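Structure, as structure tokens:
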Amino acid sequence: MLIKTLSSSPKTKKWLLTIFAWLIALSIGTYFRLYPLLHFKTPAIHNQSEQYVHNLIHQKIAQDIQKKHPNLSDKEKHALHEKLFQSVLIQDAVQLKATIKKVAIDLDTPASENRQFPYLLASDSFYYFHLTEQIHELGRFPYSIKGSKYHHTLMMAPHGHYEPFNLHPFVGYYLYQFLKIFNPDIPLMQAVSFTPLLLSAIALLAFFWVGTLLQCRLSNIFISAVFFILAPIFVKRSTLGWYDNDPYNVIFPLLIIGCIFKSLPVDSNSRRRYLYTILSFVLMWFYTYFWQGWMMFFSVIFLSGITIILYNHFILRKSKATKSLSLIFLLFTVGSFIMVALTFGPGEFLTLFNEGWKALGDFLNPQLALWPDLYISVGELRPATWDYIIEFTGGPILFFTAIISLICSIYQAAVNPEKRNPFQIIILGAFFFAALFITKGAQRFAMLCLIPESLFFMIGLEYIRIFINFIFKKIYKRPIISHDYLLTILLVGLTFFPIHHMTTTIKSLLNQIFNTAWENTLLKIKDQTPPESVINAWWPPGHFIKAIAQ
């Protein structure tokens, strides 16, 4: 009787439908993020098979050159060898790919017998894996902490190096402890590989929440959620095995935006508004533990607050609300400052702020250095083209709908603020422009662009509904169909595009550098090298060496 009563409640039905929509979007996103596991065998040995085939080609070319051109100098032979090898790679690309695949299948069985789970992706994952492994072995964080940084003794010998302290290794560690309940023998690397799946689920939940705060209909939230969860930049940085801190740059901005939205209606319960404001700066404080560039988002909220106060006072002319809005943003700013100061030390807020801006400056304006420069050598830190931004943040449908939606939202907020909340548009618009600016400087920040883009896309779907209904009323003198059922089905059909695109591009997004050759070599170094030895290495192999060779 109770269940029947609950299910008949309109509010309960809405929540059940929202949870159902979230689960469908999550299932779609998780399926693609499990690609390294679902297609584990062939990728695990692809590098070996490719190297084997290339070696055979090299040997054949060398024999032919020696036979046909024995009188050439070694330098001339080498140049001719490289020219012929590149020619084979280009002209026989299709046949070469098929041969590599065949060799991979032949090598598949022995490889799968030795390892039952894929390695972590990229290289930063091994940086965090090393810290998680140390927490697991020692029962605590392994290095001394000073303010907002810790002293990593395995970096920049012999003095070590101060790195920003990050809570991400603890998240992986506690997930490992949870998974041990179901599988006591689960390896640590396997357990932490699932961390990005958990984080992407939380991010999607936050996305649905902000969608409801924007007062968007559930079908629009669901469609946007599918585009959001399948955006290439998001899939790339939250796939199984990508044990990095990227997903927090989606989770925290969404949660903070949601809390700010909840604190802005000046006619709502005053106590609840201030509770959400307190929660917003507590979340900002947590954010400082996960990303050094948190001050960029803090600045967006701070400047948006000033804009909102001025807009409210001089444009809307609601002088009574000005004081309340001023208190909200003052509390957010001062609260963030106090939380960081109490945690890291009185001077650390400005220190962290300056360091964050300096790091962003290094990302956006890399300079040549005598030592290989991180910001120049890493491909993802190159300037992003418009094609890259559009492609990696969800495709042209999402991007251009978001741009049109931004323009329409600004107009509607100006002429009809009761229908489209101008404060929300100011915050999302400021975030969108700031994220676009830094993404143009460095590709990796496309992750931040995704948030306001997806939210404006969500709003834009409603404008599409209004436009289509307007056209049908003009032509047929009536709406397209009662309750917009047919229109909803047509719009849901848009989800075919991100799903199809991800089906064809998922493999190219992955960056599996580490393999059995790396593992065997590093374990040999660990076992046969004296503990006081120093290995001088730079970024990508350096993280492998710390994590595996220790």
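Every chain in the structure tokens has a letter given in the order shown (A, B, ...), and although residue numbers restart at 1 in each chain, ligands are simply numbered from 1 in the order shown.
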Could you list, as a list in words, every residue within 9 Å of A:Ala157, counting only C-alpha atoms and ignoring same-chain residues fewer than 4 positions away?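 Counting only C-alpha atoms, the residues come to Thr153, His161, Val534, Ile535 and Asn536 of chain A.
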Would you kindly return, as a list of chain:residue names, each protein, DNA or RNA residue with an atom no farther than 12 Å from any atom of A:Leu330, considering only C-alpha atoms and excluding same-chain residues fewer than 6 positions away?
->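 Here the qualifying residues turn out to be A:Tyr274, A:Thr277, A:Ile278, A:Phe281, A:Ile301, A:Phe302, A:Leu303, A:Gly305, A:Ile306, A:Ile309, A:Thr322, A:Lys323, A:Ser324, A:Ser336, A:Phe337, A:Ile338.
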Students should find that atom CA of A:Ile389 and atom CA of A:Ser409 are spaced 21.8 Å
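The space separating atom CA of A:Ser123 from atom CA of A:Ser238 comes to 14.0 Å.
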_Between A:Lys440, A:His313, A:Lys180, A:Lys419, which residue has the minimum interatomic distance to A:Thr385, considering only C-alpha atoms?_
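Under the stated criterion, the closest residue is A:Lys440.
Across A:Thr504, A:Ile425, A:Tyr173, A:Thr99, the tightest approach to A:Ile135 is made by A:Tyr173 when counting only C-alpha atoms.
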#### Entry: Atomic distance atom CA of A:Ser454 - atom CA of A:Ile233, expressed in Å with one decimal
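A separation of 12.7 Å between them.
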Strand (DSSP E or B) residues, from DSSP on the backbone, in stretch 60-288 of chain A, as a count of residues only = 10
Measuring between only C-alpha atoms, which one of A:Asn511, A:Thr529, A:Ser148, A:Ser193 shows the shortest distance to A:Trp285?
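Nearest candidate to A:Trp285 out of A:Asn511, A:Thr529, A:Ser148, A:Ser193: A:Ser148.
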Considering only C-alpha atoms, state which residue in the set A:Leu240, A:Ile186, A:Leu80, A:Leu494 is at the smallest distance from A:Tyr119.
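With only C-alpha atoms as the atom set, the closest residue is A:Leu240.
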Identify all residues of stretch 211-255 of chain A in helix (DSSP H, G or I) (DSSP on the backbone) and supply them as a compact mmCIF listing (two decimals) with C-alpha atoms, in the first residue's frame.
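So the final result, stored in result.txt, reads:
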# COMPACT_ATOMS: atom_id res chain seq x y z
CA GLY A 211 20.02 20.49 -15.02
CA THR A 212 17.07 20.40 -12.61
CA LEU A 213 18.23 23.71 -11.08
CA LEU A 218 14.02 15.66 -18.01
CA SER A 219 14.27 14.66 -21.68
CA ASN A 220 16.56 17.64 -22.35
CA ILE A 221 18.71 16.76 -19.34
CA PHE A 222 18.99 13.15 -20.53
CA ILE A 223 19.95 14.10 -24.11
CA SER A 224 22.55 16.57 -22.86
CA ALA A 225 23.83 14.01 -20.36
CA VAL A 226 24.54 11.50 -23.15
CA PHE A 227 26.47 14.15 -25.12
CA PHE A 228 28.25 15.16 -21.90
CA ILE A 229 29.25 11.66 -20.75
CA PRO A 232 35.75 12.58 -26.31
CA ILE A 233 37.76 14.69 -23.85
CA PHE A 234 35.71 13.32 -20.94
CA VAL A 235 35.83 9.70 -22.13
CA LYS A 236 39.58 9.94 -22.69
CA TYR A 248 37.50 16.36 -10.44
CA ASN A 249 37.60 19.29 -12.87
CA VAL A 250 34.07 18.30 -13.83
CA ILE A 251 32.74 17.21 -10.45
CA PHE A 252 33.70 20.23 -8.33
CA PRO A 253 32.71 23.00 -10.78
CA LEU A 254 29.30 21.36 -11.28
CA LEU A 255 28.70 20.95 -7.54
